[in-house]
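Here is the structure we will look at.
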Amino acid sequence: VPVFTLGQLAAQLGGELRGNADHHIDGLAPLQTATASQLGFLANPRYHEQLQQTQAGAVLIRPADLAGYDGQAIIVKDPYACFATLSHAFDLTPKPKAGIHSSAVIDATASVDPTASIGPFVVIDADAVIGAGSVLAAGVHVGEAVVIGADCWLGTHVVIHHRCRLGARVRIHAGAVIGADGFGFAPHAGQWHRIAQVGAVVIGNDVRIGANTTVDRGALGDTILHDGVIIDNQVQIGHNVVIGAHTAIAACSGVSGSTQIGEHCILAGGVGLVGHIQIADRVHITGMTMVTKSIEQAGSYSSGTVMSETAQWKKMAVRLKQLADVPVARLPNQLGHMQARLERLESLILDDQPVNPSTVS
Amino acid sequence: VPVFTLGQLAAQLGGELRGNADHHIDGLAPLQTATASQLGFLANPRYHEQLQQTQAGAVLIRPADLAGYDGQAIIVKDPYACFATLSHAFDLTPKPKAGIHSSAVIDATASVDPTASIGPFVVIDADAVIGAGSVLAAGVHVGEAVVIGADCWLGTHVVIHHRCRLGARVRIHAGAVIGADGFGFAPHAGQWHRIAQVGAVVIGNDVRIGANTTVDRGALGDTILHDGVIIDNQVQIGHNVVIGAHTAIAACSGVSGSTQIGEHCILAGGVGLVGHIQIADRVHITGMTMVTKSIEQAGSYSSGTVMSETAQWKKMAVRLKQLADVPVARLPNQLGHMQARLERLESLILDDQPVNPSTVS
Amino acid sequence: VPVFTLGQLAAQLGGELRGNADHHIDGLAPLQTATASQLGFLANPRYHEQLQQTQAGAVLIRPADLAGYDGQAIIVKDPYACFATLSHAFDLTPKPKAGIHSSAVIDATASVDPTASIGPFVVIDADAVIGAGSVLAAGVHVGEAVVIGADCWLGTHVVIHHRCRLGARVRIHAGAVIGADGFGFAPHAGQWHRIAQVGAVVIGNDVRIGANTTVDRGALGDTILHDGVIIDNQVQIGHNVVIGAHTAIAACSGVSGSTQIGEHCILAGGVGLVGHIQIADRVHITGMTMVTKSIEQAGSYSSGTVMSETAQWKKMAVRLKQLADVPVARLPNQLGHMQARLERLESLILDDQPVNPSTVS
């Protein structure tokens with residue numbers, strides 16, 4: 001386990017240290033569970049009260065949140081980003097050595113940078129290019145004429161089909177498949193005729209793709225993931241989709257063919273988008289939302305119904321089906337009109353009658 | 001890049017050529033982006049106006065859509081099906097050579113046709129049969145007593161578990177798993193007891209299965225995909241499911257155990273079907289629909305709610321929960337009855353009174 | 001095909017035999033399709049009438065369900081659990097032999113029990129431990145310092161990333177990825193900064209994980225699956241999730257980071273849970289439910305809308321959007337109040353008038 005002093009960590013972050021520069025830190029932890037040898041962090045002022053109870057050896061904290069806390073601290077502008085930075089110091093993920101494992105099958109026309117690391121049972125097809133410092137874990141298959149940029153990491157069994165192109169520092173997790181055929185078929189006489197998918201997948205720099213995610217190649221033209229896109233596990237990206245820079249897509253989401261998503265969007269888990277629509281920049285789509293048309297304005301969008309106990313839900317579901325035949329939007333107006341007419345009659349008839357309060361709405 | 005003349009392409013399609021038979025074409029493209037060396041296509045008359053601006057070297061077009069277009073054309077009955085046909089002429093997908101890679105591990109009792117192509121790190125277990133012209137990409141695992149028909153294509157890392165049987169011309173994309181155990185457990189004393197899944201998966205001719213899709217083996221009896229079924233990526237097919245011929249299932253859908261789907265159905269993306277139901281022929285299910293009971297009639301079916309801005313959606317969601325306790329279907333009737341009673345009173349009282357128009361609904 | 005006598009099967013189950021102990025049985029089947037050489041079972045009294053028509057050679061049955069059935073039977077307390085037990089007698093899944101395939105790449109510091117079975121193209125990294133009787137199918141990758149307990153089964157291409165730990169009798173199906181990085185990023189200046197995921201995945205005894213399922217490693221601390229958890233195919237378990245003992249999760253479900261699920265829960269297919277919530281013990285969540293907050297009580301929970309024909313659904317969907325602006329819960333009260341006021345007027349005016357029955361609600 002790596003161990004650092006508070007002084008070392010503060011120096012790495014360019015933060016101001018309050019406390020003993022020689023205090024040993026061997027890990028990061030949330031305030032609630034951190035021990036004396038761990039560094040906690042206060043990313044959200046909402047949790048400020050946790051500072052009182054924390055056993056953390058020191059805390060990553062903003063200057064504005066220091067009030068009422070006397071313990072050791074590394075004072076920084078953005079504790080969460082600093083936490084992200086320091087997390088790598090404590091990471092035990094093995095770092096593979098440069099070189100090609102003797103079992104790998106590499107076509108004579110492929111070009112592998114000598115600083116790249118090629119694991120056991122990797123297959124690299126004709127004319128492929130593997131950039132400097134890139135790591136291909138066991139069983140990766142890189143297809144014909146694929147280009148992998150510098151410092152990429154492809155996890156175990158990742159498949160990059162022919163002619164796809166990756167920028168630098170792309171990370172793709174185990175089991176992901178990039179560039180399989182898009183789902184393109186022409187119906188003809190009751191059968192499905194396959195359309196060759198002659199485009200590829202083009203991936204920018206600093207893109208992240210999760211385990212068992214699939215990104216299909218384009219039918220005509222390419223499927224494109226721009227710089228800084230991050231995608232979670234089990235996501236499906238259809239053919240000719242374009243995803244703007246720095247957009248994040250959480251697990252189990254699916255984007256249908258030819259849809260274009262803007263920059264800096266966030267799709268939560270289980271979201272589904274139909275094909276051939278456009279999503280503006282800075283759109284946030286909440287979990288399991290069904291998106292059936294374009295979104296032209298930045299903002300947050302949702303669909304679905306809120307969970308209930310099943311018995312209650314069944315009653316709701318029946319009413320909801322009935323709703324199709326009930327002009328519900330007109331009901332308040334109708335009620336209003338009737339009330340006005342009723343009041344008119346009352347004013348004519350009840351002038352001298354005492355009003356029974358219990359009947360007044 | 002392959003290059004053809006318009007004359008060659010028209011001849012391949014049996015279409016009528018209008019224009020220069022020697023014009024070179026090096027690709028297909030939509031009307032809007034096609035260049036002078038590309039062939040465009042007008043599959044839907046809705047886009048007829050795009051003919052005016054297109055830079056395409058020629059256009060695949062129906063006779064009925066020619067009016068108002070003077071450019072070069074290949075005139076055919078079904079432009080989209082012809083586009084599908086021609087797409088393969090421009091496809092750069094590598095065609096592997098027949099033969100067995102030296103690294104493959106093939107049981108002595110397995111039978112591999114000499115015209116088949118077996119890639120690196122393929123494993124073929126005892127008594128398996130690989131048909132003529134079939135291609136097994138790198139890392140494919142074919143289990144004991146599996147039968148693969150002629151001219152199949154199994155992408156990288158595809159797994160076909162023991163005793164499953166594939167017809168001819170089956171295409172299965174990278175990472176798909178055919179014949180893993182169905183999710184069958186008997187609850188007993190608070191624990192789950194595994195039920196051996198002794199059936200298999202039986203796949204007809206011309207079936208297509210997408211990347212990272214899973215099709216489970218039957219518990220008793222087989223899971224069956226009939227001829228011409230096409231399935232997209234990331235789909236789950238449970239044990240003992242039966243899918244009728246020429247049915248299409250889009251990405252991220254899930255079909256629970258023992259459900260039977262008819263022929264010529266279309267399931268859009270993210271659809272879920274409970275187990276033990278029947279879906280008729282020619283049923284269309286729209287995206288993300290939850291299917292909880294059998295569908296007996298051809299037609300289109302949907303569930304879910306339409307996306308709104310999140311703030312608006314939250315209001316809707318609250319109202320929807322309230323709906324469980326509101327007999328909404330009765331409200332219009334109740335209003336109607338009250339209105340009749342109100343009118344009766346008005347006719348008795350207001351005979352001589354002027355009516356205020358603003359109070360009339 | 002294995003063949004047993006009724007006497008052998010009754011003895012294995014400790015059940016009471018009624019009929020010919022020498023009758024040959026070569027398989028199990030549902031009552032409706034069972035033949036004279038197959039053993040049927042009546043697990044649910046609802047299907048008692050199927051006993052009249054069954055052609056089964058004998059039936060697994062409860063004493064209480066014997067009335068009206070004269071055929072051969074093995075009489076047991078829990079026919080479905082007994083069916084689960086016997087299913088393994090008829091299972092043809094190949095049993096791999098102990099030993100290490102010559103193609104496997106195993107680090108010198110790894111420890112593999114001599115009774116384990118290591119398939120072709122398996123990779124085992126430094127300091128990993130493989131327990132007695134465990135089976136690693138072709139292409140499995142076991143990362144650095146991973147611990148695999150006794151009698152585990154890892155299907156083809158399963159990946160267990162560094163430092164994850166599995167108990168005994170864990171079964172993981174083909175293509176599953178255990179311990180990939182959680183989806184942890186800190187936003188900073190419009191970009192996503194990766195947070196190293198320094199936790200691992202800890203899996204108890206008798207856990208089952210389906211094909212192409214993904215279970216991410218923890219960010220800080222571990223992702224934990226307790227004893228007896230069973231998970232279907234294509235499921236996503238986020239970082240730092242904790243799943244209680246004997247909980248079952250069906251296909252295509254997703255559990256977001258840091259969510260805790262109790263014991264003996266059942267999540268049906270396609271369920272989605274947001275992050276950082278708690279689910280009590282013995283909670284049942286129906287298919288495709290969106291769970292956005294903690295569930296504190298055992299019981300059954302649902303969300304979503306019921307399927308309709310698409311035309312009807314569109315009308316419903318429009319009304320539902322309108323609902324946001326209709327105070328629907330207040331309508332019945334408003335109607336009640338107006339009715340009371342109307343009746344008051346009627347009693348004053350209509351005393352001597354005949355009531356028209358058709359206007360009475």
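By order in the structure tokens, chains are A, B, ...; within a chain, residues start at 1; ligands start at 1, following the order shown.
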
Checklist entry - Hey, what's within 10 Å of Tyr301 of chain C if we count only C-alpha atoms and toss same-chain stuff fewer than 6 positions away? As a list of chain:residue names, please? => result A:Met307, A:Ser308, A:Glu309, A:Thr310, A:Ala311, A:Gln312, A:Trp313, C:Leu267, C:Val283, C:His284, C:Ile285, C:Thr286, C:Gly287, C:Thr289, C:Met290, C:Val291, C:Ile295

Got time to write the residues from that selection, C-alpha atoms, as an mmCIF file, in the first residue's frame?
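The resulting file, part26.cif, is reproduced below:
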```cif
data_model
loop_
_atom_site.group_PDB
_atom_site.id
_atom_site.type_symbol
_atom_site.label_atom_id
_atom_site.label_comp_id
_atom_site.auth_asym_id
_atom_site.auth_seq_id
_atom_site.Cartn_x
_atom_site.Cartn_y
_atom_site.Cartn_z
ATOM 1 C CA MET A 307 -42.837 4.031 -8.051
ATOM 2 C CA SER A 308 -45.703 3.014 -5.747
ATOM 3 C CA GLU A 309 -46.643 -0.092 -3.835
ATOM 4 C CA THR A 310 -47.837 -2.533 -6.469
ATOM 5 C CA ALA A 311 -51.455 -2.577 -5.232
ATOM 6 C CA GLN A 312 -51.653 1.214 -5.448
ATOM 7 C CA TRP A 313 -49.836 1.162 -8.792
ATOM 8 C CA LEU C 267 -35.805 -7.538 -8.757
ATOM 9 C CA VAL C 283 -38.680 -6.255 -1.232
ATOM 10 C CA HIS C 284 -40.103 -7.347 -4.578
ATOM 11 C CA ILE C 285 -39.762 -4.915 -7.489
ATOM 12 C CA THR C 286 -41.789 -5.661 -10.612
ATOM 13 C CA GLY C 287 -40.368 -5.513 -14.129
ATOM 14 C CA THR C 289 -39.725 -0.293 -12.406
ATOM 15 C CA MET C 290 -37.768 2.933 -11.912
ATOM 16 C CA VAL C 291 -36.687 3.162 -8.270
ATOM 17 C CA ILE C 295 -37.752 1.481 0.159
#
```

Item to check | Polymer residues at most 6 Å from Ile279 of chain A, only C-alpha atoms, same-chain spacing of 6 or more positions, as a VMD selection string | outcome: chain A and resid 261 to 262 294 to 295

Under the rule of at most 12 Å, produce a per-residue listing of segment 88-119 of chain C near segment 149-172 of chain C: chain, number, name, the closest pair of atoms, and the distance in Å, as CSV, using only C-alpha atoms.
```
residue,atom,partner,partner_atom,distance
C:Lys95,CA,C:Trp153,CA,10.6
C:Pro96,CA,C:Trp153,CA,10.4
C:Ala98,CA,C:Asp151,CA,11.5
C:Ser111,CA,C:Gly149,CA,11.7
C:Val112,CA,C:Gly149,CA,10.7
C:Asp113,CA,C:Ala150,CA,9.0
C:Pro114,CA,C:Ala150,CA,11.6
C:Thr115,CA,C:Asp151,CA,9.5
C:Ala116,CA,C:Asp151,CA,8.1
C:Ser117,CA,C:Trp153,CA,9.4
C:Ile118,CA,C:Leu154,CA,9.9
C:Gly119,CA,C:Thr156,CA,8.9
```

Next on the checklist: Write out as a VMD selection string the set of residues from segment 7-101 of chain C that DSSP, computed on the backbone, places in strand (DSSP E).
Outcome noted: chain C and resid 16 to 18 24 to 25 27 to 28 38 to 41 58 to 61 73 to 75 99 to 100

Next on the checklist: So that I can check the secondary structure, give me every residue of segment 167-345 of chain B assigned alpha helix (DSSP H) by backbone DSSP, as a list in words.
Outcome noted: Thr310, Ala311, Gln312, Trp313, Lys314, Lys315, Met316, Ala317, Val318, Arg319, Leu320, Lys321, Gln322, Leu323, Leu331, Pro332, Asn333, Gln334, Leu335, Gly336, His337, Met338, Gln339, Ala340, Arg341, Leu342, Glu343, Arg344 and Leu345 of chain B
